[in-house]
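K.L.:
Next up is a structure, given as C-alpha cells.
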Amino acid sequence: MTAGLPLERELPDRVGVLVLGSGLAGCAALLAAAEAGQFAVMIEKTGGIGGSTVRSAGLTAFAGTDEQAGQGVADSVELLRQDLLETSRHLADEGLVDLYCDHQLETYRWLTGHGVRYGEVHAASGQSVPRSHPTDTTGMLVKLLKAAGLLGARLLLDTKAERLVREDGRVVAVDVTTPHGPHRIHADAVVLATGGFSQSPELLARFAPQMEHALRAGGEGCQGDGLLMAWELGAGVVDTPYLKGTYGIYHRPHPDEDGTGILAVYKGAIAVNREGRRFVDESLPYKEIGDAALAQPGVTTYQVLDAQVLAQTSDEVPIYDFAGRERAGLLVTADTLAELERLLDLPEHSLVDTVTDYNRRLADGTPDEFGRSHLSGGVGTPFALEVPPFYAHPSGTVVLATYCGLTVDTRLRVLDVFGEPIERLYAAGEVIGGFHGGGYMTGTSIGKSGIFGRLAGAHAAAEESELAW
Ligand code: ADP
C-alpha cells in the first residue's frame, strides 16, 4: 500500500502546512496545500494510511455529477441542501451545509481530475434521489498522496501528534513522538485531520453510554487525539448528543465482515428483533435504525430478505453486496419462513406472522404499522416478501464514525468555546462537529472529509509563511 507514496523518514524541524492524520480529510488538505505552493507535510500515527476512510463503505454524496447524468438522475444543489438540513433535523450549522453545497461539485471535479473514479450511483439514507457515489477509497488516497508528493509534499508514518504548541496566541508547532523519540515540528499552520474517536472506549462512554453494546470499527488510530489536543487550547465541541452507531453490521466480529455491514432493508428487506417482531420504519437513516436496534432485547436483530431482495445484490457497493455475504456464510438461508424462524431460534409463528401481516398490509393498502412508505428515504416502493429462498442477516450496530467534534468556522478555523478562532489551527473531516446535526445522510462523512479537507488545506496554505524553500 505504501509503494510510490512520498514517504519521508527524516523529521523536519519546520514546515509550511502540517497535516495531522492520513484519512481523506488529511490527504485532501495535504494536496490542496501543496497545490497552493506550500511545503506540506503529513504525519500519521499508525504504520499505514487511511484511518476510518479506508474502512468505510466508500460512498460520497455529490449532486450534479456525470454519473448521475449518465443514469438519468435529476439532482440539484438546492435539493442536496434541503435534504442535508432535513436529515440533520435542522440542527446542522447552516454555514457548514452551505459550504459543503457550494464546494461539492468543484471538489468532485478536482478528485476526478486527479484520477478518482466513481461507480454506479445508489440511493441511501437521507437522499431523496440517488446520490451515493462509490469509490475505491485506498486507491483515492494513494492518488491524492502521489499527486501531493510530485509537488514536494511528504508523509511520515508511525509519527504521532501529542500536543499543539501555542505561542503569542497562535499555534506554532506540534510535539510528536516517533519510534526514535520525541520531536518538535514548527509549522506556519496546522490542519487537524485526526478523525473521530470510535476506537476510544473512554470518550464513547463519556458522550454516548448508550453505545455500550455497539460494536466498534473505524481506524485503529481514531481515538480522539485531535479533540483532546484542541480542547487543551480551549476549542469548542458540538453535536455530541447525536453520536450514533450504524445499523447492519454482522452481529459479532467475523473475518468476512468488512466493517460496514449490509443494508438489505433499503432494498426491500424488513428488520425484526429476537421476538420475531419488526421494531422500526426501515426506510429511516441507518443511524436511527441503529439506535432502535440497540434498544431491542438482546441487541441482535435480523434483516430478513427474500429472493427478490437478494437479486438486487451489487458487488460495487459493499452495503448492497448480499450475494457476497451469502458466499461468506453470513446469511442464514431457508426455503420457508417457518424454517428460517426455527433456524434463528425465534418464538414459534413470530416471524411467519410478522411477514404475513407485512405482506397483507401491502396487498390491501393498510398503512404500515411503523409508517414505512418507501425503501430508503423517499425512494423505492416496499413489496411483499414472498419469493423463496428466505434469508436472514444477524445485524448489530457499529460505531464507525462519531459525527461530532470541534467547532469550526466556514474557513475551517477551529473556534474556541467563545467562538473565537484559535489562530493557525484548522480542522477537517471526522474531527469536526456541526455538519451532521441530529441525523446523517449517507456519503456525507467521506464527502465532508474531501470537501472540507481540501478547503482547510488551501486556507492553511494562505497563512503568512516564515518559510523559504
Ligand atoms: P477523516 O475521514 O476525517 O479523514 P480518518 O479516520 O479517515 O478521518 O483518518 C484519521 C487519521 O488520523 C487516521 O489514520 C488516524 O490513525 C490518524 N491519527 C489519529 N490521531 C493521530 C495523531 N495523534 N497523530 C497522527 N495521526 C493521527
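Identifiers for the C-alpha cells are assigned positionally: chains receive A, B, ... in sequence, residues are indexed from 1 per chain, and ligands are indexed from 1 in the order shown.
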Using only C-alpha atoms, which protein or nucleic acid residues come within 10 Å of segment 193-195 of chain A? Drop anything in the same chain fewer than 2 positions from it, and give the result as a PyMOL selection string.

P.N.:
chain A and resi 19-29+42-45+51-53+161+190-191+197-198+218-219+221-227+401-403+405+426-432+449+453+456

K.L.:
Write out as a list in words all residues of segment 357-438 of chain A that backbone DSSP assigns to strand (DSSP E or B).

P.N.:
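In segment 357-438 of chain A, DSSP puts these residues in strand (DSSP E or B): Ser376, Val379, Phe390, Tyr391, Ala392, His393, Pro394, Ser395, Gly396, Thr397, Val398, Val399, Gly405, Leu406, Val408, Arg413, Val414, Leu415, Asp416, Pro421, Ile422, Glu423, Arg424, Leu425, Tyr426, Ala427 and Ile432 of chain A.
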
K.L.:
Rounded to one decimal place, report the atom CA of Ser125 of chain A-atom CA of Thr366 of chain A distance in Å.

P.N.:
24.5 Å

K.L.:
Could you name the residues that touch segment 97-108 of chain A at 8 Å or less, counting only C-alpha atoms, but leaving out those on the same chain fewer than 3 positions away, as a PyMOL selection string?

P.N.:
chain A and resi 62-65+77+80-81+84-85+92-94+111-112+410+435+447-448+450-452+454

K.L.:
Within 7 Å of segment 239-255 of chain A, counting only C-alpha atoms, which residues qualify if same-chain residues fewer than 5 places away don't, as a list in words?

P.N.:
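Once the nearby chain positions are removed, what remains is Phe207, Ala208, Thr260, Gly261, Ile262, Leu263, Tyr286, Lys287, Ile289, Gly290, Asp291, Thr300, Pro394, Ser395, Gly396, Thr397, Val398, Val399, Leu400, Thr402, Tyr403, Cys404, Gly405, Gly433, Gly434, Gly437 and Gly438 of chain A.
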
K.L.:
Can I get the residues of segment 12-71 of chain A within 12 Å of segment 164-173 of chain A, each with the closest pair of atoms and their distance in Å to one decimal, using only C-alpha atoms, sorted chain first then ascending number, as CSV?

P.N.:
```
residue,atom,partner,partner_atom,distance
A:Pro12,CA,A:Ala173,CA,11.5
A:Asp13,CA,A:Ala173,CA,9.3
A:Arg14,CA,A:Ala173,CA,8.4
A:Val15,CA,A:Ala173,CA,9.3
A:Gly16,CA,A:Val172,CA,10.5
A:Val17,CA,A:Ala173,CA,10.3
A:Leu18,CA,A:Ala173,CA,8.7
A:Val19,CA,A:Ala173,CA,11.4
A:Leu20,CA,A:Leu164,CA,10.7
```

K.L.:
Print the selection's residues with all heavy atoms to a file, as a short mmCIF file (atom, residue, chain, number, x, y, z; two decimals), in the first residue's frame.

P.N.:
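The resulting out_11.cif:
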```cif
data_model
loop_
_atom_site.label_atom_id
_atom_site.label_comp_id
_atom_site.auth_asym_id
_atom_site.auth_seq_id
_atom_site.Cartn_x
_atom_site.Cartn_y
_atom_site.Cartn_z
N PRO A 12 11.28 16.73 9.78
CA PRO A 12 11.60 18.14 9.51
C PRO A 12 11.46 18.96 10.80
O PRO A 12 10.69 18.60 11.69
CB PRO A 12 10.54 18.55 8.49
CG PRO A 12 9.38 17.65 8.76
CD PRO A 12 9.94 16.36 9.31
N ASP A 13 12.20 20.05 10.90
CA ASP A 13 12.05 20.96 12.04
C ASP A 13 11.01 22.02 11.75
O ASP A 13 10.37 22.55 12.67
CB ASP A 13 13.39 21.66 12.34
CG ASP A 13 14.43 20.66 12.84
OD1 ASP A 13 14.02 19.72 13.56
OD2 ASP A 13 15.61 20.80 12.49
N ARG A 14 10.87 22.37 10.48
CA ARG A 14 9.98 23.47 10.12
C ARG A 14 9.30 23.17 8.80
O ARG A 14 9.97 22.78 7.83
CB ARG A 14 10.81 24.76 10.01
CG ARG A 14 10.10 25.94 9.43
CD ARG A 14 10.78 27.24 9.77
NE ARG A 14 10.60 27.62 11.16
CZ ARG A 14 9.47 28.12 11.66
NH1 ARG A 14 8.42 28.30 10.88
NH2 ARG A 14 9.37 28.42 12.94
N VAL A 15 7.97 23.31 8.77
CA VAL A 15 7.24 23.08 7.52
C VAL A 15 6.26 24.23 7.32
O VAL A 15 6.06 25.05 8.22
CB VAL A 15 6.47 21.73 7.56
CG1 VAL A 15 7.40 20.58 7.94
CG2 VAL A 15 5.29 21.78 8.52
N GLY A 16 5.65 24.28 6.14
CA GLY A 16 4.61 25.28 5.89
C GLY A 16 3.31 24.84 6.54
O GLY A 16 2.90 25.34 7.57
N VAL A 17 2.68 23.83 5.93
CA VAL A 17 1.43 23.31 6.48
C VAL A 17 1.68 21.91 7.02
O VAL A 17 2.18 21.03 6.30
CB VAL A 17 0.32 23.28 5.40
CG1 VAL A 17 -0.93 22.59 5.93
CG2 VAL A 17 -0.01 24.70 4.94
N LEU A 18 1.34 21.70 8.28
CA LEU A 18 1.50 20.39 8.90
C LEU A 18 0.11 19.77 9.06
O LEU A 18 -0.77 20.34 9.72
CB LEU A 18 2.18 20.51 10.26
CG LEU A 18 2.48 19.19 10.98
CD1 LEU A 18 3.39 18.28 10.15
CD2 LEU A 18 3.13 19.45 12.34
N VAL A 19 -0.09 18.62 8.41
CA VAL A 19 -1.39 17.94 8.43
C VAL A 19 -1.28 16.73 9.36
O VAL A 19 -0.38 15.91 9.20
CB VAL A 19 -1.77 17.48 7.01
CG1 VAL A 19 -3.09 16.72 7.02
CG2 VAL A 19 -1.85 18.68 6.06
N LEU A 20 -2.21 16.62 10.31
CA LEU A 20 -2.19 15.50 11.26
C LEU A 20 -3.25 14.49 10.86
O LEU A 20 -4.45 14.78 10.94
CB LEU A 20 -2.46 16.01 12.68
CG LEU A 20 -1.70 17.26 13.13
CD1 LEU A 20 -2.00 17.55 14.61
CD2 LEU A 20 -0.19 17.10 12.92
#
```

K.L.:
Quick one: residues within 12 Å of Thr381 of chain A, only C-alpha atoms counted, chain neighbours fewer than 5 positions away excluded, as a PDB file with all heavy atoms, in the first residue's frame?

P.N.:
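Written out: selection05.pdb:
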```pdb
ATOM      1  N   VAL A 265     -32.361  -3.739   4.115  1.00  0.00           N
ATOM      2  CA  VAL A 265     -33.647  -3.062   4.374  1.00  0.00           C
ATOM      3  C   VAL A 265     -33.922  -1.985   3.321  1.00  0.00           C
ATOM      4  O   VAL A 265     -35.075  -1.725   2.980  1.00  0.00           O
ATOM      5  CB  VAL A 265     -33.693  -2.426   5.786  1.00  0.00           C
ATOM      6  CG1 VAL A 265     -33.883  -3.496   6.846  1.00  0.00           C
ATOM      7  CG2 VAL A 265     -32.457  -1.590   6.080  1.00  0.00           C
ATOM      8  N   TYR A 266     -32.857  -1.361   2.787  1.00  0.00           N
ATOM      9  CA  TYR A 266     -33.081  -0.304   1.783  1.00  0.00           C
ATOM     10  C   TYR A 266     -33.409  -0.878   0.405  1.00  0.00           C
ATOM     11  O   TYR A 266     -33.710  -0.146  -0.526  1.00  0.00           O
ATOM     12  CB  TYR A 266     -31.852   0.612   1.680  1.00  0.00           C
ATOM     13  CG  TYR A 266     -31.636   1.476   2.905  1.00  0.00           C
ATOM     14  CD1 TYR A 266     -30.398   2.073   3.136  1.00  0.00           C
ATOM     15  CD2 TYR A 266     -32.659   1.716   3.812  1.00  0.00           C
ATOM     16  CE1 TYR A 266     -30.185   2.873   4.249  1.00  0.00           C
ATOM     17  CE2 TYR A 266     -32.460   2.500   4.929  1.00  0.00           C
ATOM     18  CZ  TYR A 266     -31.217   3.078   5.146  1.00  0.00           C
ATOM     19  OH  TYR A 266     -31.014   3.874   6.241  1.00  0.00           O
ATOM     20  N   LYS A 267     -33.332  -2.208   0.294  1.00  0.00           N
ATOM     21  CA  LYS A 267     -33.702  -2.849  -0.988  1.00  0.00           C
ATOM     22  C   LYS A 267     -34.937  -3.723  -0.823  1.00  0.00           C
ATOM     23  O   LYS A 267     -35.231  -4.561  -1.663  1.00  0.00           O
ATOM     24  CB  LYS A 267     -32.520  -3.687  -1.509  1.00  0.00           C
ATOM     25  CG  LYS A 267     -31.274  -2.866  -1.835  1.00  0.00           C
ATOM     26  CD  LYS A 267     -31.471  -2.002  -3.082  1.00  0.00           C
ATOM     27  CE  LYS A 267     -30.199  -1.229  -3.406  1.00  0.00           C
ATOM     28  NZ  LYS A 267     -30.400  -0.290  -4.529  1.00  0.00           N
ATOM     29  N   GLY A 268     -35.615  -3.587   0.318  1.00  0.00           N
ATOM     30  CA  GLY A 268     -36.892  -4.297   0.472  1.00  0.00           C
ATOM     31  C   GLY A 268     -36.988  -5.232   1.658  1.00  0.00           C
ATOM     32  O   GLY A 268     -38.076  -5.719   1.975  1.00  0.00           O
ATOM     33  N   ALA A 269     -35.872  -5.538   2.330  1.00  0.00           N
ATOM     34  CA  ALA A 269     -35.921  -6.427   3.492  1.00  0.00           C
ATOM     35  C   ALA A 269     -36.635  -5.727   4.660  1.00  0.00           C
ATOM     36  O   ALA A 269     -36.800  -4.505   4.655  1.00  0.00           O
ATOM     37  CB  ALA A 269     -34.511  -6.818   3.911  1.00  0.00           C
ATOM     38  N   SER A 283     -37.041   2.488   6.469  1.00  0.00           N
ATOM     39  CA  SER A 283     -36.548   3.462   5.492  1.00  0.00           C
ATOM     40  C   SER A 283     -35.825   4.633   6.171  1.00  0.00           C
ATOM     41  O   SER A 283     -35.300   5.517   5.509  1.00  0.00           O
ATOM     42  CB  SER A 283     -37.697   4.006   4.636  1.00  0.00           C
ATOM     43  OG  SER A 283     -38.521   4.864   5.401  1.00  0.00           O
ATOM     44  N   LEU A 362     -49.462  -4.533   2.642  1.00  0.00           N
ATOM     45  CA  LEU A 362     -49.051  -4.035   1.328  1.00  0.00           C
ATOM     46  C   LEU A 362     -50.109  -4.353   0.279  1.00  0.00           C
ATOM     47  O   LEU A 362     -50.415  -3.536  -0.585  1.00  0.00           O
ATOM     48  CB  LEU A 362     -47.706  -4.657   0.910  1.00  0.00           C
ATOM     49  CG  LEU A 362     -46.481  -4.144   1.663  1.00  0.00           C
ATOM     50  CD1 LEU A 362     -45.256  -4.979   1.312  1.00  0.00           C
ATOM     51  CD2 LEU A 362     -46.229  -2.671   1.335  1.00  0.00           C
ATOM     52  N   ARG A 372     -43.713   2.920   7.391  1.00  0.00           N
ATOM     53  CA  ARG A 372     -42.823   2.784   6.239  1.00  0.00           C
ATOM     54  C   ARG A 372     -43.626   2.957   4.947  1.00  0.00           C
ATOM     55  O   ARG A 372     -44.575   2.225   4.701  1.00  0.00           O
ATOM     56  CB  ARG A 372     -42.194   1.387   6.246  1.00  0.00           C
ATOM     57  CG  ARG A 372     -41.194   1.180   5.137  1.00  0.00           C
ATOM     58  CD  ARG A 372     -40.732  -0.278   5.085  1.00  0.00           C
ATOM     59  NE  ARG A 372     -39.383  -0.360   4.557  1.00  0.00           N
ATOM     60  CZ  ARG A 372     -38.744  -1.510   4.337  1.00  0.00           C
ATOM     61  NH1 ARG A 372     -39.324  -2.657   4.597  1.00  0.00           N
ATOM     62  NH2 ARG A 372     -37.528  -1.507   3.867  1.00  0.00           N
ATOM     63  N   SER A 373     -43.217   3.925   4.135  1.00  0.00           N
ATOM     64  CA  SER A 373     -43.897   4.091   2.855  1.00  0.00           C
ATOM     65  C   SER A 373     -42.926   3.967   1.684  1.00  0.00           C
ATOM     66  O   SER A 373     -43.337   3.859   0.536  1.00  0.00           O
ATOM     67  CB  SER A 373     -44.600   5.444   2.802  1.00  0.00           C
ATOM     68  OG  SER A 373     -43.687   6.474   3.077  1.00  0.00           O
ATOM     69  N   HIS A 374     -41.620   4.023   1.984  1.00  0.00           N
ATOM     70  CA  HIS A 374     -40.607   3.877   0.934  1.00  0.00           C
ATOM     71  C   HIS A 374     -39.550   2.871   1.415  1.00  0.00           C
ATOM     72  O   HIS A 374     -39.611   2.379   2.539  1.00  0.00           O
ATOM     73  CB  HIS A 374     -39.950   5.222   0.635  1.00  0.00           C
ATOM     74  CG  HIS A 374     -40.886   6.193  -0.007  1.00  0.00           C
ATOM     75  ND1 HIS A 374     -41.635   7.087   0.710  1.00  0.00           N
ATOM     76  CD2 HIS A 374     -41.198   6.392  -1.307  1.00  0.00           C
ATOM     77  CE1 HIS A 374     -42.384   7.798  -0.110  1.00  0.00           C
ATOM     78  NE2 HIS A 374     -42.144   7.399  -1.351  1.00  0.00           N
ATOM     79  N   LEU A 375     -38.563   2.631   0.545  1.00  0.00           N
ATOM     80  CA  LEU A 375     -37.499   1.693   0.944  1.00  0.00           C
ATOM     81  C   LEU A 375     -36.370   2.404   1.668  1.00  0.00           C
ATOM     82  O   LEU A 375     -35.853   1.925   2.671  1.00  0.00           O
ATOM     83  CB  LEU A 375     -36.972   0.933  -0.275  1.00  0.00           C
ATOM     84  CG  LEU A 375     -37.987  -0.043  -0.894  1.00  0.00           C
ATOM     85  CD1 LEU A 375     -37.361  -0.802  -2.049  1.00  0.00           C
ATOM     86  CD2 LEU A 375     -38.499  -1.028   0.159  1.00  0.00           C
ATOM     87  N   SER A 376     -35.925   3.542   1.118  1.00  0.00           N
ATOM     88  CA  SER A 376     -34.915   4.309   1.851  1.00  0.00           C
ATOM     89  C   SER A 376     -35.162   5.772   1.566  1.00  0.00           C
ATOM     90  O   SER A 376     -35.327   6.158   0.411  1.00  0.00           O
ATOM     91  CB  SER A 376     -33.503   3.922   1.432  1.00  0.00           C
ATOM     92  OG  SER A 376     -33.161   4.493   0.218  1.00  0.00           O
TER      93      SER A 376
END
```

K.L.:
With distances taken over only C-alpha atoms and all ligand atoms, which of A:Leu415, A:Leu156, A:Ala384, A:Ala148 is nearest to ligand 1?

P.N.:
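So, comparing all the options, the nearest one is A:Leu156.
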
K.L.:
Choose the residue, out of A:Gly236, A:Pro201, A:Gly380, A:Gly419, that has the smallest atom-to-atom separation from Leu406 of chain A; count only C-alpha atoms.

P.N.:
A:Gly236

K.L.:
Can you tell me how far atom CA of Leu233 of chain A sits from atom 10 (C, counted along the ligand's line) of ligand 1, in Å to one decimal?

P.N.:
20.2 Å

K.L.:
Using only C-alpha atoms, determine which residues lie at most 9 Å from Gly329 of chain A, disregarding the query and same-chain residues fewer than 4 positions distant; provide the list as a list in words.

P.N.:
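Skipping anything fewer than 4 positions along the chain leaves Asp256, Gly324 and Arg325 of chain A.
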
K.L.:
Generate a file of the selected residues that holds C-alpha atoms, formatted as a short mmCIF file (atom, residue, chain, number, x, y, z; two decimals), in the first residue's frame.

P.N.:
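Listed below is the output, result-v3.cif:
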```
data_model
loop_
_atom_site.label_atom_id
_atom_site.label_comp_id
_atom_site.auth_asym_id
_atom_site.auth_seq_id
_atom_site.Cartn_x
_atom_site.Cartn_y
_atom_site.Cartn_z
CA ASP A 256 -15.53 -11.63 6.36
CA GLY A 324 -21.01 -11.78 -1.27
CA ARG A 325 -22.37 -12.18 2.25
#
```

K.L.:
At a cut-off of 9 Å, using only C-alpha atoms, what residues contact Val317 of chain A? Leave out same-chain residues fewer than 3 positions from it and give the result as JSON, numbers by chain.

P.N.:
{"A": [57, 58, 59, 119, 120, 122, 134, 135, 313, 314, 320, 321]}

K.L.:
Write a file of the just-selected residues containing N, CA, C and O atoms, as a PDB file, in the first residue's frame.

P.N.:
```
ATOM      1  N   ALA A  57     -17.732   2.453   3.808  1.00  0.00           N
ATOM      2  CA  ALA A  57     -18.346   1.874   2.612  1.00  0.00           C
ATOM      3  C   ALA A  57     -17.868   2.596   1.350  1.00  0.00           C
ATOM      4  O   ALA A  57     -18.153   2.160   0.239  1.00  0.00           O
ATOM      5  N   GLY A  58     -17.166   3.709   1.508  1.00  0.00           N
ATOM      6  CA  GLY A  58     -16.581   4.381   0.332  1.00  0.00           C
ATOM      7  C   GLY A  58     -17.576   5.149  -0.515  1.00  0.00           C
ATOM      8  O   GLY A  58     -17.374   5.323  -1.708  1.00  0.00           O
ATOM      9  N   LEU A  59     -18.655   5.621   0.114  1.00  0.00           N
ATOM     10  CA  LEU A  59     -19.679   6.355  -0.643  1.00  0.00           C
ATOM     11  C   LEU A  59     -19.557   7.849  -0.393  1.00  0.00           C
ATOM     12  O   LEU A  59     -19.339   8.276   0.739  1.00  0.00           O
ATOM     13  N   GLY A 119     -18.364   4.627  -9.237  1.00  0.00           N
ATOM     14  CA  GLY A 119     -19.204   3.618  -9.881  1.00  0.00           C
ATOM     15  C   GLY A 119     -20.656   4.055  -9.941  1.00  0.00           C
ATOM     16  O   GLY A 119     -20.969   5.251  -9.822  1.00  0.00           O
ATOM     17  N   GLU A 120     -21.517   3.061 -10.067  1.00  0.00           N
ATOM     18  CA  GLU A 120     -22.946   3.349 -10.233  1.00  0.00           C
ATOM     19  C   GLU A 120     -23.517   4.000  -8.974  1.00  0.00           C
ATOM     20  O   GLU A 120     -23.242   3.569  -7.853  1.00  0.00           O
ATOM     21  N   HIS A 122     -26.183   5.100  -6.160  1.00  0.00           N
ATOM     22  CA  HIS A 122     -27.333   4.490  -5.484  1.00  0.00           C
ATOM     23  C   HIS A 122     -27.971   5.493  -4.521  1.00  0.00           C
ATOM     24  O   HIS A 122     -27.319   6.429  -4.084  1.00  0.00           O
ATOM     25  N   PRO A 134     -19.993   5.432  -5.208  1.00  0.00           N
ATOM     26  CA  PRO A 134     -18.996   4.515  -4.641  1.00  0.00           C
ATOM     27  C   PRO A 134     -17.613   4.685  -5.271  1.00  0.00           C
ATOM     28  O   PRO A 134     -17.506   4.953  -6.476  1.00  0.00           O
ATOM     29  N   THR A 135     -16.591   4.547  -4.449  1.00  0.00           N
ATOM     30  CA  THR A 135     -15.236   4.554  -4.991  1.00  0.00           C
ATOM     31  C   THR A 135     -14.341   3.668  -4.145  1.00  0.00           C
ATOM     32  O   THR A 135     -14.666   3.324  -3.011  1.00  0.00           O
ATOM     33  N   THR A 313     -28.496  -7.592  -5.432  1.00  0.00           N
ATOM     34  CA  THR A 313     -27.120  -7.511  -4.951  1.00  0.00           C
ATOM     35  C   THR A 313     -26.239  -6.714  -5.910  1.00  0.00           C
ATOM     36  O   THR A 313     -26.447  -6.714  -7.118  1.00  0.00           O
ATOM     37  N   SER A 314     -25.254  -6.008  -5.317  1.00  0.00           N
ATOM     38  CA  SER A 314     -24.294  -5.265  -6.136  1.00  0.00           C
ATOM     39  C   SER A 314     -22.912  -5.468  -5.534  1.00  0.00           C
ATOM     40  O   SER A 314     -22.705  -5.197  -4.354  1.00  0.00           O
ATOM     41  N   TYR A 320     -24.599  -3.226  -0.235  1.00  0.00           N
ATOM     42  CA  TYR A 320     -25.608  -3.961  -1.019  1.00  0.00           C
ATOM     43  C   TYR A 320     -25.040  -5.259  -1.597  1.00  0.00           C
ATOM     44  O   TYR A 320     -25.630  -5.851  -2.484  1.00  0.00           O
ATOM     45  N   ASP A 321     -23.921  -5.696  -1.071  1.00  0.00           N
ATOM     46  CA  ASP A 321     -23.315  -6.930  -1.600  1.00  0.00           C
ATOM     47  C   ASP A 321     -23.889  -8.149  -0.872  1.00  0.00           C
ATOM     48  O   ASP A 321     -23.209  -8.835  -0.109  1.00  0.00           O
TER      49      ASP A 321
END
```

K.L.:
For ligand 1, which residue among A:Thr177, A:Thr333, A:Ser76, A:Gln71 is the nearest when counting only C-alpha atoms and all ligand atoms?

P.N.:
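Between A:Thr177, A:Thr333, A:Ser76, A:Gln71, the residue approaching ligand 1 most closely is A:Thr177.
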
K.L.:
Using DSSP on the backbone coordinates, identify all residues within segment 261-391 of chain A classified as alpha helix (DSSP H); present the result as a PyMOL selection string.

P.N.:
chain A and resi 286-294+307-310+322-327+337-343+350-364

K.L.:
Pick from A:Gly72, A:Pro367, A:Gly4, A:Gly196: nearest to ligand 1, with only C-alpha atoms and all ligand atoms counted?

P.N.:
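Smallest separation from ligand 1 among the options: A:Gly196.
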
K.L.:
For ligand 1, which residue out of A:Gln308, A:Thr407, A:Thr444, A:Gln38 is the nearest one, using only C-alpha atoms and all ligand atoms?

P.N.:
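Using only C-alpha atoms and all ligand atoms, the shortest distance to ligand 1 belongs to A:Thr444.
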
K.L.:
Using only C-alpha atoms and all ligand atoms, which residue out of A:Ala153, A:Val174, A:Arg278, A:Arg109 lies closest to ligand 1?

P.N.:
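Between A:Ala153, A:Val174, A:Arg278, A:Arg109, the residue approaching ligand 1 most closely is A:Val174.
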